[in-house]
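> Supplied in structure tokens, the structure appears directly below.
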Amino acid sequence: MTVKKRPPLKRHPSLQPLSREHHFSLLLCWKIRKGLEKGVEIPRMEEYLKTVWDKQIAEHFQIEEDYVFPVLPADHPGVQKAIREHKTLKRLFSTKKYSIKTLNRIEETMEAHIRFEERELFPEAQKVATAEEWERLEEAHDTPIAEVQWDDEFWV
């Protein structure tokens with residue numbers, strides 16, 4: 001059986017910082033999986049995840065909602081799906097006390113959400129965005145939000 005290789009996705013330069021942040025979040029999903037495999041105490045992982053939410057992901061979501069999603073009609077099914085997923089992830093990250101179920105849901109929901117935005121929503125936005133819309137995004141967000149540095153590398 002031959003596996004069909006996907007061609008690399010060409011990203012508009014204005015979207016590249018957001019795509020780099022998606023890479024950080026995919027690494028976060030990997031860290032969750034590794035932590036669970038190793039039996040790491042849930043509070044250690046929870047502290048890290050809540051910090052990443054506060055310092056990275058919440059701002060990333062806001063930028064997408066303010067500058068990327070409005071490129072498409074508000075009733076666009078992809079925009080509606082992305083907004084629902086943002087709300088779900090916000091609720092999951094805001095859970096008072098994490099459990100294994102919470103960690104699994106964050107990991108699964110986040111990975112699927114990123115794949116959806118990268119493979120479907122961003123390409124749709126690239127087709128219709130104007131130069132002015134790209135410029136507004138670049139003015140608001142021209143470099144990726146820095147990845148959170150963390151001393152307790154529970155995933156190693």
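In the structure tokens, chains take letters A, B, ... by order of appearance, with residues numbered from 1 within each chain and ligands from 1 in the order shown.
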Could you make a table, as CSV, of the residues of range 57-105 of chain A that have an atom within 8 Å of an atom of range 29-52 of chain A, each with its nearest atom pair and distance in Å to one decimal, counting only C-alpha atoms, in chain and number order?


residue,atom,partner,partner_atom,distance
A:Ile57,CA,A:Val52,CA,6.4
A:Phe93,CA,A:Lys50,CA,6.3
A:Ser94,CA,A:Lys50,CA,7.5
A:Tyr98,CA,A:Glu46,CA,6.3
A:Ser99,CA,A:Ile42,CA,6.7
A:Ile100,CA,A:Ile42,CA,7.3
A:Leu103,CA,A:Ile32,CA,6.9
A:Asn104,CA,A:Ile32,CA,7.8

> Please write the residues from the selection above to a file, keeping N, CA and C atoms, as a PDB file, in the first residue's frame.


ATOM      1  N   ILE A  57      -1.774  30.659  24.125  1.00  0.00           N
ATOM      2  CA  ILE A  57      -2.923  30.214  23.335  1.00  0.00           C
ATOM      3  C   ILE A  57      -4.077  31.204  23.361  1.00  0.00           C
ATOM      4  N   PHE A  93      -9.237  24.279  29.150  1.00  0.00           N
ATOM      5  CA  PHE A  93      -8.063  24.831  29.823  1.00  0.00           C
ATOM      6  C   PHE A  93      -8.437  25.491  31.146  1.00  0.00           C
ATOM      7  N   SER A  94      -9.678  25.974  31.264  1.00  0.00           N
ATOM      8  CA  SER A  94     -10.134  26.669  32.472  1.00  0.00           C
ATOM      9  C   SER A  94     -10.689  25.726  33.533  1.00  0.00           C
ATOM     10  N   TYR A  98      -7.781  19.465  36.827  1.00  0.00           N
ATOM     11  CA  TYR A  98      -7.629  18.569  35.685  1.00  0.00           C
ATOM     12  C   TYR A  98      -7.695  17.104  36.116  1.00  0.00           C
ATOM     13  N   SER A  99      -8.127  16.283  35.164  1.00  0.00           N
ATOM     14  CA  SER A  99      -8.122  14.832  35.319  1.00  0.00           C
ATOM     15  C   SER A  99      -7.464  14.259  34.059  1.00  0.00           C
ATOM     16  N   ILE A 100      -7.276  12.960  34.036  1.00  0.00           N
ATOM     17  CA  ILE A 100      -6.743  12.325  32.825  1.00  0.00           C
ATOM     18  C   ILE A 100      -7.688  12.597  31.660  1.00  0.00           C
ATOM     19  N   LEU A 103      -7.057  16.097  30.312  1.00  0.00           N
ATOM     20  CA  LEU A 103      -5.818  16.140  29.531  1.00  0.00           C
ATOM     21  C   LEU A 103      -6.008  15.495  28.164  1.00  0.00           C
ATOM     22  N   ASN A 104      -6.666  14.346  28.127  1.00  0.00           N
ATOM     23  CA  ASN A 104      -6.930  13.685  26.847  1.00  0.00           C
ATOM     24  C   ASN A 104      -7.801  14.543  25.944  1.00  0.00           C
TER      25      ASN A 104
END

> When you count only C-alpha atoms, which of these residues is closest to Phe61 in chain A: A:Lys96, A:Arg136, A:His113, A:Lys10?

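Using only C-alpha atoms, Phe61 in chain A sits closest to A:His113.
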
> Find the residues near range 121-126 of chain A: any atom within 7 Å, counting only C-alpha atoms, skip ones fewer than 3 places away on the same chain, and give them as a CSV table (one decimal) with N, CA and C atoms, in the first residue's frame.


chain,number,residue,atom,x,y,z
A,12,HIS,N,0.4,32.1,3.3
A,12,HIS,CA,0.6,33.5,3.0
A,12,HIS,C,1.5,34.0,4.1
A,71,VAL,N,-12.2,37.6,7.7
A,71,VAL,CA,-11.9,37.6,6.3
A,71,VAL,C,-13.0,36.8,5.5
A,72,LEU,N,-13.6,35.8,6.2
A,72,LEU,CA,-14.6,35.0,5.7
A,72,LEU,C,-16.0,35.5,6.3
A,78,GLY,N,-16.9,27.0,8.4
A,78,GLY,CA,-15.6,26.8,9.0
A,78,GLY,C,-15.3,27.8,10.1
A,116,PHE,N,-7.6,21.2,11.4
A,116,PHE,CA,-8.7,21.8,10.6
A,116,PHE,C,-8.3,23.2,10.2
A,117,GLU,N,-7.8,24.1,11.1
A,117,GLU,CA,-7.4,25.4,10.6
A,117,GLU,C,-6.4,25.4,9.6
A,118,GLU,N,-5.3,24.6,9.7
A,118,GLU,CA,-4.2,24.6,8.7
A,118,GLU,C,-4.7,24.0,7.4
A,129,ALA,N,-8.8,36.8,1.1
A,129,ALA,CA,-8.4,38.0,1.9
A,129,ALA,C,-7.8,39.1,1.0

> Have a look at A:Val79, A:Glu108, A:Gln16, A:Leu26 and name the one nearest to Glu120 in chain A; count only C-alpha atoms.

A:Val79

> CA of Val68 in chain A to CA of Arg115 in chain A: how many Å, to one decimal?

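Calculated distance between CA of Val68 in chain A and CA of Arg115 in chain A is 15.9 Å.
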
> Measure the distance from CA of Pro13 in chain A to CA of Trp134 in chain A in Å and round it to one decimal.

8.8 Å

> Between A:Val148, A:Ala74, A:Val128, A:Leu15, which residue has the minimum interatomic distance to Leu28 in chain A, considering only C-alpha atoms?

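Of all the options, A:Val148 lies closest to Leu28 in chain A.
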
> Could you give me, as a PyMOL selection string, each residue of range 79-142 of chain A that DSSP assigns to helix (DSSP H, G or I) when run on this structure's backbone?

chain A and resi 79-93+100-128+131-140

> Write out, as a PDB file, in the first residue's frame, the residues just selected, with C-alpha atoms.


ATOM      1  CA  VAL A  79     -15.558  30.041  10.994  1.00  0.00           C
ATOM      2  CA  GLN A  80     -18.456  28.793  13.103  1.00  0.00           C
ATOM      3  CA  LYS A  81     -16.649  25.496  13.728  1.00  0.00           C
ATOM      4  CA  ALA A  82     -13.398  27.249  14.698  1.00  0.00           C
ATOM      5  CA  ILE A  83     -15.208  29.571  17.121  1.00  0.00           C
ATOM      6  CA  ARG A  84     -16.977  26.593  18.742  1.00  0.00           C
ATOM      7  CA  GLU A  85     -13.656  24.805  19.095  1.00  0.00           C
ATOM      8  CA  HIS A  86     -12.031  27.894  20.625  1.00  0.00           C
ATOM      9  CA  LYS A  87     -14.837  28.008  23.214  1.00  0.00           C
ATOM     10  CA  THR A  88     -14.464  24.298  23.947  1.00  0.00           C
ATOM     11  CA  LEU A  89     -10.700  24.609  24.391  1.00  0.00           C
ATOM     12  CA  LYS A  90     -11.054  27.686  26.594  1.00  0.00           C
ATOM     13  CA  ARG A  91     -13.486  25.763  28.797  1.00  0.00           C
ATOM     14  CA  LEU A  92     -11.137  22.754  28.948  1.00  0.00           C
ATOM     15  CA  PHE A  93      -8.063  24.831  29.823  1.00  0.00           C
ATOM     16  CA  ILE A 100      -6.743  12.325  32.825  1.00  0.00           C
ATOM     17  CA  LYS A 101      -9.970  12.834  30.883  1.00  0.00           C
ATOM     18  CA  THR A 102      -9.374  16.626  30.784  1.00  0.00           C
ATOM     19  CA  LEU A 103      -5.818  16.140  29.531  1.00  0.00           C
ATOM     20  CA  ASN A 104      -6.930  13.685  26.847  1.00  0.00           C
ATOM     21  CA  ARG A 105      -9.700  16.009  25.693  1.00  0.00           C
ATOM     22  CA  ILE A 106      -7.348  19.013  25.507  1.00  0.00           C
ATOM     23  CA  GLU A 107      -4.834  16.988  23.492  1.00  0.00           C
ATOM     24  CA  GLU A 108      -7.378  15.487  21.100  1.00  0.00           C
ATOM     25  CA  THR A 109      -9.421  18.669  20.619  1.00  0.00           C
ATOM     26  CA  MET A 110      -6.355  20.884  20.162  1.00  0.00           C
ATOM     27  CA  GLU A 111      -4.720  18.615  17.593  1.00  0.00           C
ATOM     28  CA  ALA A 112      -7.913  18.222  15.540  1.00  0.00           C
ATOM     29  CA  HIS A 113      -8.543  21.983  15.743  1.00  0.00           C
ATOM     30  CA  ILE A 114      -5.063  22.861  14.466  1.00  0.00           C
ATOM     31  CA  ARG A 115      -5.299  20.356  11.618  1.00  0.00           C
ATOM     32  CA  PHE A 116      -8.675  21.840  10.644  1.00  0.00           C
ATOM     33  CA  GLU A 117      -7.410  25.437  10.648  1.00  0.00           C
ATOM     34  CA  GLU A 118      -4.235  24.585   8.730  1.00  0.00           C
ATOM     35  CA  ARG A 119      -5.825  22.288   6.142  1.00  0.00           C
ATOM     36  CA  GLU A 120      -9.204  23.935   5.637  1.00  0.00           C
ATOM     37  CA  LEU A 121      -9.799  27.334   7.235  1.00  0.00           C
ATOM     38  CA  PHE A 122      -6.504  29.089   6.462  1.00  0.00           C
ATOM     39  CA  PRO A 123      -6.547  27.996   2.792  1.00  0.00           C
ATOM     40  CA  GLU A 124     -10.107  29.346   2.499  1.00  0.00           C
ATOM     41  CA  ALA A 125      -9.034  32.663   4.024  1.00  0.00           C
ATOM     42  CA  GLN A 126      -6.025  32.841   1.697  1.00  0.00           C
ATOM     43  CA  LYS A 127      -8.314  32.624  -1.325  1.00  0.00           C
ATOM     44  CA  VAL A 128     -10.382  35.682  -0.402  1.00  0.00           C
ATOM     45  CA  ALA A 131      -4.209  43.196   0.832  1.00  0.00           C
ATOM     46  CA  GLU A 132      -5.728  45.466   3.495  1.00  0.00           C
ATOM     47  CA  GLU A 133      -6.841  42.488   5.589  1.00  0.00           C
ATOM     48  CA  TRP A 134      -3.375  40.953   5.408  1.00  0.00           C
ATOM     49  CA  GLU A 135      -1.833  44.282   6.348  1.00  0.00           C
ATOM     50  CA  ARG A 136      -4.083  44.589   9.423  1.00  0.00           C
ATOM     51  CA  LEU A 137      -3.090  41.087  10.532  1.00  0.00           C
ATOM     52  CA  GLU A 138       0.610  41.842  10.023  1.00  0.00           C
ATOM     53  CA  GLU A 139       0.344  45.091  11.984  1.00  0.00           C
ATOM     54  CA  ALA A 140      -1.292  43.244  14.872  1.00  0.00           C
TER      55      ALA A 140
END

> Contacts of Gln56 in chain A at 8 Å or less, counting only C-alpha atoms, minus same-chain residues fewer than 5 places along, as a list in words?

Ile145, Ala146, Glu147 and Val148 of chain A

> Restrict the selected residues to N, CA and C atoms and save them as a short mmCIF file (atom, residue, chain, number, x, y, z; two decimals), in the first residue's frame.


data_model
loop_
_atom_site.label_atom_id
_atom_site.label_comp_id
_atom_site.auth_asym_id
_atom_site.auth_seq_id
_atom_site.Cartn_x
_atom_site.Cartn_y
_atom_site.Cartn_z
N ILE A 145 4.04 34.41 18.86
CA ILE A 145 4.10 34.52 20.31
C ILE A 145 5.16 33.52 20.77
N ALA A 146 6.04 33.95 21.65
CA ALA A 146 7.14 33.08 22.09
C ALA A 146 6.61 31.83 22.78
N GLU A 147 7.26 30.72 22.50
CA GLU A 147 6.92 29.48 23.17
C GLU A 147 7.26 29.61 24.65
N VAL A 148 6.39 29.11 25.50
CA VAL A 148 6.60 29.19 26.95
C VAL A 148 7.80 28.32 27.33
#
